[in-house]
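Novice: Just run_15.csv, nothing more (CSV, C-alpha atoms and all ligand atoms):
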```csv
chain,number,residue,atom,x,y,z
A,269,MET,CA,0.0,0.0,0.0
A,270,ASN,CA,1.2,3.5,-0.9
A,271,ASP,CA,2.0,5.2,2.4
A,272,GLU,CA,0.6,8.5,1.1
A,273,THR,CA,-2.9,7.2,0.5
A,274,PRO,CA,-5.5,7.9,3.2
A,275,VAL,CA,-7.8,4.9,3.7
A,276,LEU,CA,-11.0,5.7,5.6
A,277,ASP,CA,-13.7,3.3,6.8
A,278,ASN,CA,-16.8,5.6,7.0
A,279,HIS,CA,-18.9,3.5,9.4
A,280,MET,CA,-17.5,1.1,12.0
A,281,HIS,CA,-18.4,0.3,15.6
A,282,LEU,CA,-15.8,-0.6,18.2
A,283,ASP,CA,-16.5,-2.1,21.6
A,284,PRO,CA,-14.0,-1.9,24.4
A,285,ASP,CA,-15.6,-5.0,26.0
A,286,ALA,CA,-15.7,-7.2,22.9
A,287,ALA,CA,-13.3,-10.1,22.5
A,288,ARG,CA,-11.2,-8.3,19.9
A,289,GLY,CA,-11.5,-4.7,21.2
A,290,MET,CA,-8.7,-2.6,19.7
A,291,ASP,CA,-7.2,-5.5,17.8
A,292,ALA,CA,-9.7,-4.6,15.1
A,293,VAL,CA,-8.1,-1.3,14.7
A,294,ASP,CA,-4.6,-2.9,14.6
A,295,ASP,CA,-5.9,-5.2,11.8
A,296,PHE,CA,-7.2,-2.2,9.9
A,297,VAL,CA,-3.9,-0.4,10.2
A,298,HIS,CA,-1.8,-3.5,9.3
A,299,LEU,CA,-3.6,-3.7,5.9
A,300,GLY,CA,-3.1,0.1,5.3
A,301,GLY,CA,-6.1,1.7,6.9
A,302,THR,CA,-5.5,5.2,8.3
A,303,HIS,CA,-8.8,6.9,9.4
A,304,LEU,CA,-12.0,5.7,11.0
A,305,LEU,CA,-15.4,7.2,11.6
A,306,VAL,CA,-16.7,5.4,14.7
A,307,VAL,CA,-20.4,5.3,15.2
A,308,ASN,CA,-21.8,4.7,18.7
A,309,LYS,CA,-23.3,1.2,19.1
A,310,PRO,CA,-27.0,1.0,19.5
A,311,SER,CA,-27.8,2.1,23.1
A,312,TRP,CA,-29.3,-1.3,24.1
A,313,HIS,CA,-26.0,-3.0,23.2
A,314,LEU,CA,-24.3,-0.9,25.8
A,315,GLY,CA,-26.9,-1.7,28.5
A,316,VAL,CA,-28.9,1.6,28.3
A,317,GLU,CA,-32.6,0.6,28.4
A,318,SER,CA,-33.9,3.9,29.8
A,319,THR,CA,-36.6,6.4,28.8
A,320,ASP,CA,-34.5,9.3,30.3
A,321,PRO,CA,-32.5,11.0,27.6
A,322,GLU,CA,-29.8,11.9,30.0
A,323,ASP,CA,-29.0,8.2,30.5
A,324,PHE,CA,-27.9,8.1,26.9
A,325,ARG,CA,-24.8,10.3,27.6
A,326,SER,CA,-22.9,7.2,28.7
A,327,VAL,CA,-23.2,5.8,25.2
A,328,PHE,CA,-21.7,8.9,23.8
A,329,GLU,CA,-18.9,9.1,26.4
A,330,THR,CA,-18.0,5.5,25.8
A,331,THR,CA,-17.7,6.2,22.1
A,332,LEU,CA,-15.5,9.2,22.7
A,333,ASP,CA,-13.2,7.1,24.8
A,334,ILE,CA,-13.0,4.4,22.1
A,335,VAL,CA,-12.2,7.1,19.5
A,336,ALA,CA,-9.3,8.4,21.6
A,337,ASP,CA,-7.9,4.9,22.0
A,338,ALA,CA,-8.3,4.2,18.2
A,339,THR,CA,-6.6,7.5,17.3
A,340,GLU,CA,-3.5,6.4,19.3
A,341,ARG,CA,-3.2,3.4,17.0
A,342,LEU,CA,-4.0,5.0,13.7
A,343,PRO,CA,-1.5,6.7,11.4
A,344,GLY,CA,-4.3,9.2,10.8
A,345,ARG,CA,-7.1,9.5,13.3
A,346,ALA,CA,-10.6,8.5,14.2
A,347,TRP,CA,-13.7,10.7,14.7
A,348,PRO,CA,-16.9,9.9,16.5
A,349,ILE,CA,-20.4,10.0,14.9
A,350,LEU,CA,-23.1,10.2,17.6
A,351,GLY,CA,-26.8,9.6,17.5
A,352,VAL,CA,-29.7,7.3,17.8
A,353,HIS,CA,-30.2,4.0,16.1
A,354,PRO,CA,-33.7,4.1,14.4
A,355,GLY,CA,-34.5,0.6,15.7
A,356,LEU,CA,-34.7,2.1,19.2
A,357,ILE,CA,-38.3,3.3,18.4
A,358,SER,CA,-39.5,-0.3,18.3
A,359,ARG,CA,-37.8,-1.2,21.6
A,360,LEU,CA,-39.3,1.9,23.2
A,361,ILE,CA,-42.8,1.0,22.0
A,362,ASP,CA,-42.8,-2.8,22.3
A,363,ASP,CA,-40.7,-3.1,25.5
A,364,ARG,CA,-41.1,0.1,27.4
A,365,GLY,CA,-44.7,1.1,26.7
A,366,CYS,CA,-44.1,4.3,24.9
A,367,SER,CA,-46.5,5.6,22.2
A,368,PRO,CA,-44.9,6.4,18.8
A,369,ASP,CA,-45.0,10.1,19.7
A,370,GLU,CA,-43.4,9.6,23.1
A,371,ALA,CA,-40.7,7.4,21.5
A,372,ALA,CA,-40.0,10.1,18.8
A,373,ASP,CA,-39.8,12.8,21.5
A,374,LEU,CA,-37.3,10.8,23.5
A,375,MET,CA,-35.2,10.1,20.4
A,376,GLN,CA,-35.2,13.7,19.4
A,377,ARG,CA,-34.0,14.7,22.8
A,378,VAL,CA,-31.2,12.2,22.7
A,379,LEU,CA,-30.2,13.6,19.3
A,380,GLU,CA,-30.1,17.1,20.9
A,381,ILE,CA,-27.6,15.7,23.4
A,382,ALA,CA,-25.5,14.2,20.6
A,383,ALA,CA,-25.7,17.7,19.0
A,384,GLU,CA,-24.1,19.2,22.1
A,385,TYR,CA,-21.0,17.0,21.4
A,386,VAL,CA,-20.8,18.2,17.8
A,387,GLU,CA,-21.2,21.8,18.9
A,388,SER,CA,-18.3,21.5,21.4
A,389,GLY,CA,-16.1,19.9,18.7
A,390,ASP,CA,-16.0,16.5,20.4
A,391,ALA,CA,-18.0,14.7,17.7
A,392,LEU,CA,-17.9,15.1,13.9
A,393,ALA,CA,-21.5,14.4,12.8
A,394,LEU,CA,-24.9,13.0,13.8
A,395,LYS,CA,-26.5,9.6,13.2
A,396,SER,CA,-30.2,9.1,12.6
A,397,GLY,CA,-32.6,7.4,10.1
A,398,ARG,CA,-35.6,5.2,10.1
A,399,PRO,CA,-36.3,1.4,10.4
A,400,HIS,CA,-35.0,-0.9,7.7
A,401,TYR,CA,-37.9,-3.3,8.5
A,402,GLU,CA,-41.6,-3.1,8.1
A,403,VAL,CA,-43.4,-0.9,10.7
A,404,ASP,CA,-46.9,0.5,10.9
A,405,ASP,CA,-47.8,4.0,9.6
A,406,ALA,CA,-47.6,5.7,13.0
A,407,VAL,CA,-44.1,4.3,13.7
A,408,TRP,CA,-43.0,5.2,10.2
A,409,GLY,CA,-44.3,8.8,10.6
A,410,ALA,CA,-42.7,9.2,14.0
A,411,SER,CA,-39.4,7.9,12.6
A,412,ASN,CA,-39.5,10.3,9.8
A,413,ASP,CA,-40.1,13.1,12.4
A,414,VAL,CA,-37.0,12.0,14.3
A,415,MET,CA,-34.9,12.1,11.1
A,416,LYS,CA,-36.2,15.5,10.1
A,417,HIS,CA,-35.2,16.8,13.5
A,418,ALA,CA,-31.7,15.4,12.9
A,419,PHE,CA,-31.6,17.4,9.7
A,420,GLU,CA,-32.6,20.6,11.6
A,421,LEU,CA,-29.8,20.0,14.1
A,422,GLY,CA,-27.3,19.2,11.3
A,423,ALA,CA,-28.3,22.5,9.5
A,424,ASP,CA,-27.9,24.5,12.7
A,425,LEU,CA,-24.5,23.0,13.4
A,426,ASP,CA,-23.4,22.8,9.8
A,427,CYS,CA,-22.5,19.1,10.3
A,428,ALA,CA,-23.3,15.9,8.3
A,429,VAL,CA,-26.0,13.4,9.3
A,430,GLN,CA,-25.4,9.7,8.7
A,431,LEU,CA,-28.6,7.7,8.0
A,432,HIS,CA,-29.6,4.1,8.7
A,433,THR,CA,-32.6,3.4,6.4
A,434,GLU,CA,-34.3,0.8,4.4
A,435,ALA,CA,-32.3,-0.5,1.4
A,436,SER,CA,-32.9,1.9,-1.5
A,437,GLU,CA,-31.3,3.4,-4.5
A,438,ASP,CA,-33.6,6.5,-4.5
A,439,LEU,CA,-33.9,8.6,-1.3
A,440,THR,CA,-34.6,11.9,-3.1
A,441,GLU,CA,-37.6,12.5,-0.9
A,442,VAL,CA,-35.4,12.3,2.2
A,443,ALA,CA,-32.8,14.5,0.5
A,444,ASP,CA,-35.6,17.1,-0.1
A,445,TRP,CA,-36.5,17.0,3.6
A,446,ALA,CA,-32.9,17.8,4.4
A,447,GLU,CA,-32.7,20.6,1.9
A,448,ALA,CA,-36.0,22.1,3.1
A,449,ARG,CA,-34.4,22.4,6.5
A,450,GLY,CA,-31.2,24.0,5.2
A,451,LEU,CA,-29.0,20.9,5.1
A,452,ASP,CA,-27.2,20.2,1.8
A,453,PRO,CA,-28.1,16.6,0.7
A,454,LEU,CA,-24.4,16.1,0.0
A,455,HIS,CA,-24.0,16.3,3.9
A,456,VAL,CA,-26.6,13.5,4.3
A,457,VAL,CA,-24.9,10.1,4.1
A,458,LYS,CA,-26.7,6.8,3.6
A,459,HIS,CA,-24.8,4.2,5.5
A,460,TYR,CA,-25.0,0.6,4.1
A,461,ALA,CA,-25.5,1.8,0.6
A,462,SER,CA,-25.1,-0.2,-2.6
A,463,GLY,CA,-23.2,1.4,-5.5
A,464,ARG,CA,-25.6,4.0,-6.7
A,465,LEU,CA,-28.0,6.3,-4.8
A,466,ALA,CA,-30.2,9.3,-5.9
A,467,GLY,CA,-30.3,11.9,-3.1
A,468,PRO,CA,-27.9,11.6,-0.2
A,469,THR,CA,-24.2,10.6,-0.5
A,470,PRO,CA,-23.8,6.8,-0.5
A,471,SER,CA,-21.5,5.1,2.0
A,472,VAL,CA,-21.0,1.9,0.0
A,473,MET,CA,-20.6,-1.4,1.7
A,474,CYS,CA,-17.5,-3.1,0.4
A,475,LYS,CA,-19.0,-5.6,-2.1
A,476,LYS,CA,-16.8,-5.6,-5.2
A,477,GLU,CA,-19.7,-5.1,-7.6
A,478,TRP,CA,-21.1,-2.2,-5.6
A,479,LEU,CA,-17.7,-0.5,-5.4
A,480,GLU,CA,-17.3,-1.0,-9.1
A,481,THR,CA,-20.7,0.7,-9.8
A,482,ALA,CA,-19.8,3.6,-7.5
A,483,ALA,CA,-16.3,3.9,-9.0
A,484,GLU,CA,-17.7,4.1,-12.6
A,485,HIS,CA,-20.6,6.5,-11.6
A,486,GLU,CA,-18.1,9.3,-10.8
A,487,ALA,CA,-20.3,10.8,-8.1
A,488,PRO,CA,-19.2,11.4,-4.5
A,489,PHE,CA,-19.1,8.2,-2.4
A,490,LEU,CA,-17.6,6.7,0.8
A,491,MET,CA,-16.6,3.2,1.7
A,492,GLU,CA,-17.5,1.2,4.9
A,493,THR,CA,-17.7,-2.2,6.5
A,494,ASP,CA,-20.3,-1.6,9.3
A,495,TYR,CA,-18.0,-3.8,11.4
A,496,VAL,CA,-19.6,-5.0,14.6
A,497,ASP,CA,-23.0,-3.6,14.2
A,498,ASP,CA,-25.4,-6.1,15.6
A,499,PRO,CA,-24.4,-9.5,17.0
A,500,ASP,CA,-27.6,-10.8,15.3
A,501,ARG,CA,-26.4,-9.6,11.9
A,502,LEU,CA,-22.8,-10.8,12.0
A,503,GLY,CA,-23.1,-12.2,8.5
A,504,ALA,CA,-24.3,-8.9,7.2
A,505,VAL,CA,-21.2,-6.9,8.2
A,506,MET,CA,-17.6,-7.1,7.1
A,507,GLY,CA,-14.3,-7.4,9.0
A,508,PRO,CA,-12.1,-4.5,9.8
A,509,LYS,CA,-9.5,-5.4,7.1
A,510,THR,CA,-12.0,-5.1,4.3
A,511,VAL,CA,-11.8,-1.4,3.3
A,512,PRO,CA,-8.0,-1.4,3.0
A,513,ARG,CA,-8.2,-4.7,1.0
A,514,ARG,CA,-10.8,-3.2,-1.3
A,515,VAL,CA,-8.7,-0.1,-1.8
A,516,ARG,CA,-5.8,-2.3,-2.9
A,517,TRP,CA,-8.2,-4.1,-5.3
A,518,LEU,CA,-9.5,-0.8,-6.7
A,519,ARG,CA,-5.9,0.2,-7.3
A,520,GLU,CA,-5.2,-3.0,-9.2
A,521,GLU,CA,-8.3,-2.5,-11.3
A,522,GLY,CA,-7.2,1.0,-12.2
A,523,TYR,CA,-9.7,3.0,-10.2
A,524,ASP,CA,-7.2,5.5,-8.8
A,525,GLU,CA,-9.6,8.4,-9.2
A,526,ALA,CA,-12.3,6.6,-7.3
A,527,ILE,CA,-9.9,6.0,-4.4
A,528,GLU,CA,-9.2,9.7,-4.3
A,529,THR,CA,-13.0,10.4,-4.4
A,530,ALA,CA,-13.9,8.0,-1.5
A,531,HIS,CA,-10.9,8.7,0.8
A,532,VAL,CA,-10.0,12.3,0.3
A,533,GLU,CA,-12.5,14.4,-1.7
A,534,THR,CA,-15.8,13.1,-0.4
A,535,PRO,CA,-14.7,13.1,3.3
A,536,LYS,CA,-13.6,16.7,2.8
A,537,ARG,CA,-16.8,17.8,1.1
A,538,VAL,CA,-19.2,15.9,3.4
A,539,TYR,CA,-17.5,16.3,6.8
A,540,GLY,CA,-14.9,19.0,6.2
A,541,ILE,CA,-12.1,16.6,7.3
A,542,ASP,CA,-8.7,16.5,5.6
A,543,THR,CA,-7.6,12.9,5.5
A,544,ARG,CA,-4.3,13.8,3.8
A,545,ARG,CA,-3.2,16.5,6.2
A,546,THR,CA,-4.1,14.4,9.3
A,547,LEU,CA,-2.0,11.5,8.1
A,548,GLY,CA,1.4,10.9,9.6
B,601,ZN,ZN,-23.6,0.3,11.9
```
Rewrite the coordinates I just gave you, this time as structure tokens.
Specialist:
Amino acid sequence: MNDETPVLDNHMHLDPDAARGMDAVDDFVHLGGTHLLVVNKPSWHLGVESTDPEDFRSVFETTLDIVADATERLPGRAWPILGVHPGLISRLIDDRGCSPDEAADLMQRVLEIAAEYVESGDALALKSGRPHYEVDDAVWGASNDVMKHAFELGADLDCAVQLHTEASEDLTEVADWAEARGLDPLHVVKHYASGRLAGPTPSVMCKKEWLETAAEHEAPFLMETDYVDDPDRLGAVMGPKTVPRRVRWLREEGYDEAIETAHVETPKRVYGIDTRRTLG
């Protein structure tokens, strides 16, 4: 791997208590990885089962600690992305007796706490979205309200918003909601995207055919693994070595411009981060 090339995984989770812990970061670095965007794990994975928004601060504090540890090991650095997993709405309604509106209100207040960390400079961006599974109209509407609130916060703070949504190659309606609130759709990132997406910026999962599509499309895109998202979905996420491996593969296939797009230009345009200047 060329030492001058930044290699960014745009969506990874790390867990200090998991079996591998920081070894995942070492694996990433060993294969040529340089920068990470670390998204907080879903709150219930970290033992927060509360309906008090203040109790969610521990999820964010844990993530900031992980990011500091990861940065020590990276030739570049890591940044935290903080927010609320959209699946929380079902847990609040089904397990904790909330109405859809009460659940949405709680999730919006947790997003406001995440926004405090962005405002102070401790976090880079926000995370929101809506369920990727079937829900009834009331839950769908409440979830969209949460996401729209995230866009308002992102516009106020001038920060990006990563989304977890249903699989789609057309999220122009969602992009319009962001734009109507003053947030450039370029600064809205769909995590777990396939190779092409109308509306927000796609963060492409590292399947070769999806990367090839993105590389040939010549639009802004990012690359990710979603490493350690959900223990129930282990087969759906990729290992920490995958992004650097796929960068090497893209280089072999002659996609040098796409590498520059995904690891330098798009991170700069979407998040305002300079992966080249923060390297070494
Ligand atoms: Zn994830």
Novice: Using only C-alpha atoms, I'd like a table of the residues in segment 292-391 of chain A that come within 10 Å of segment 473-496 of chain A; for each, show the closest atom pair and its distance in Å rounded to one decimal, ordered by chain and ascending number, as a tab-separated table.
Specialist:
```
residue	atom	partner	partner_atom	distance
A:Ala292	CA	A:Tyr495	CA	9.1
A:Leu304	CA	A:Glu492	CA	9.4
A:Leu305	CA	A:Glu492	CA	9.2
A:Val306	CA	A:Asp494	CA	9.5
A:Val307	CA	A:Asp494	CA	9.1
A:Lys309	CA	A:Val496	CA	8.5
```
Novice: Can you tell me, as a short mmCIF file (atom, residue, chain, number, x, y, z; two decimals) with C-alpha atoms, in the coordinates of the input, what residues are no more than 8 Å from segment 363-372 of chain A when counting all atoms listed in the file, ignoring any on the same chain fewer than 3 positions away?
Specialist:
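Written output follows (out.cif):
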```cif
data_model
loop_
_atom_site.label_atom_id
_atom_site.label_comp_id
_atom_site.auth_asym_id
_atom_site.auth_seq_id
_atom_site.Cartn_x
_atom_site.Cartn_y
_atom_site.Cartn_z
CA THR A 319 -36.60 6.40 28.80
CA ILE A 357 -38.30 3.30 18.40
CA SER A 358 -39.50 -0.30 18.30
CA ARG A 359 -37.80 -1.20 21.60
CA LEU A 360 -39.30 1.90 23.20
CA MET A 375 -35.20 10.10 20.40
CA GLN A 376 -35.20 13.70 19.40
CA ALA A 406 -47.60 5.70 13.00
CA VAL A 407 -44.10 4.30 13.70
CA ALA A 410 -42.70 9.20 14.00
CA SER A 411 -39.40 7.90 12.60
CA ASP A 413 -40.10 13.10 12.40
CA VAL A 414 -37.00 12.00 14.30
#
```
Novice: Just give me the gap between atom CA of His353 of chain A and atom CA of Ser396 of chain A in Å, one decimal is fine.
Specialist: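 Spanning atom CA of His353 of chain A to atom CA of Ser396 of chain A is a straight-line distance of 6.2 Å.
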Novice: Please report the interatomic distance between atom CA of Ala391 of chain A and atom CA of Pro348 of chain A in Å with one decimal.
Specialist: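 These two atoms are separated by 5.1 Å.
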Novice: Name the residues in contact with Val335 of chain A at a cut-off of 12 Å, using only C-alpha atoms, excluding same-chain residues fewer than 5 positions from it; report them as a PyMOL selection string.
Specialist: chain A and resi 280-284+289-290+293+303-308+328-330+340-342+344-350+390-392
Novice: Report as a compact mmCIF listing (two decimals) with C-alpha atoms, in the coordinates of the input all protein, DNA and RNA residues lying within 12 Å of Asp542 of chain A, evaluated on only C-alpha atoms, omitting residues in the same chain fewer than 4 positions from it.
Specialist:
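Okay, selection.txt is ready:
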```txt
# COMPACT_ATOMS: atom_id res chain seq x y z
CA PRO A 274 -5.50 7.90 3.20
CA VAL A 275 -7.80 4.90 3.70
CA LEU A 276 -11.00 5.70 5.60
CA HIS A 303 -8.80 6.90 9.40
CA GLY A 344 -4.30 9.20 10.80
CA ARG A 345 -7.10 9.50 13.30
CA ALA A 346 -10.60 8.50 14.20
CA TRP A 347 -13.70 10.70 14.70
CA HIS A 531 -10.90 8.70 0.80
CA VAL A 532 -10.00 12.30 0.30
CA GLU A 533 -12.50 14.40 -1.70
CA THR A 534 -15.80 13.10 -0.40
CA PRO A 535 -14.70 13.10 3.30
CA LYS A 536 -13.60 16.70 2.80
CA ARG A 537 -16.80 17.80 1.10
CA VAL A 538 -19.20 15.90 3.40
CA THR A 546 -4.10 14.40 9.30
CA LEU A 547 -2.00 11.50 8.10
```
Novice: Please, what distance in Å, to one decimal, runs between atom CA of Ala446 of chain A and atom CA of His432 of chain A?
Specialist: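 These atoms are spaced 14.7 Å apart.
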Novice: Looking at A:Pro354, A:Gly409, A:Gly422, A:Gly507, which one is nearest to Leu394 of chain A, with distances taken over all atoms listed in the file?
Specialist: A:Gly422
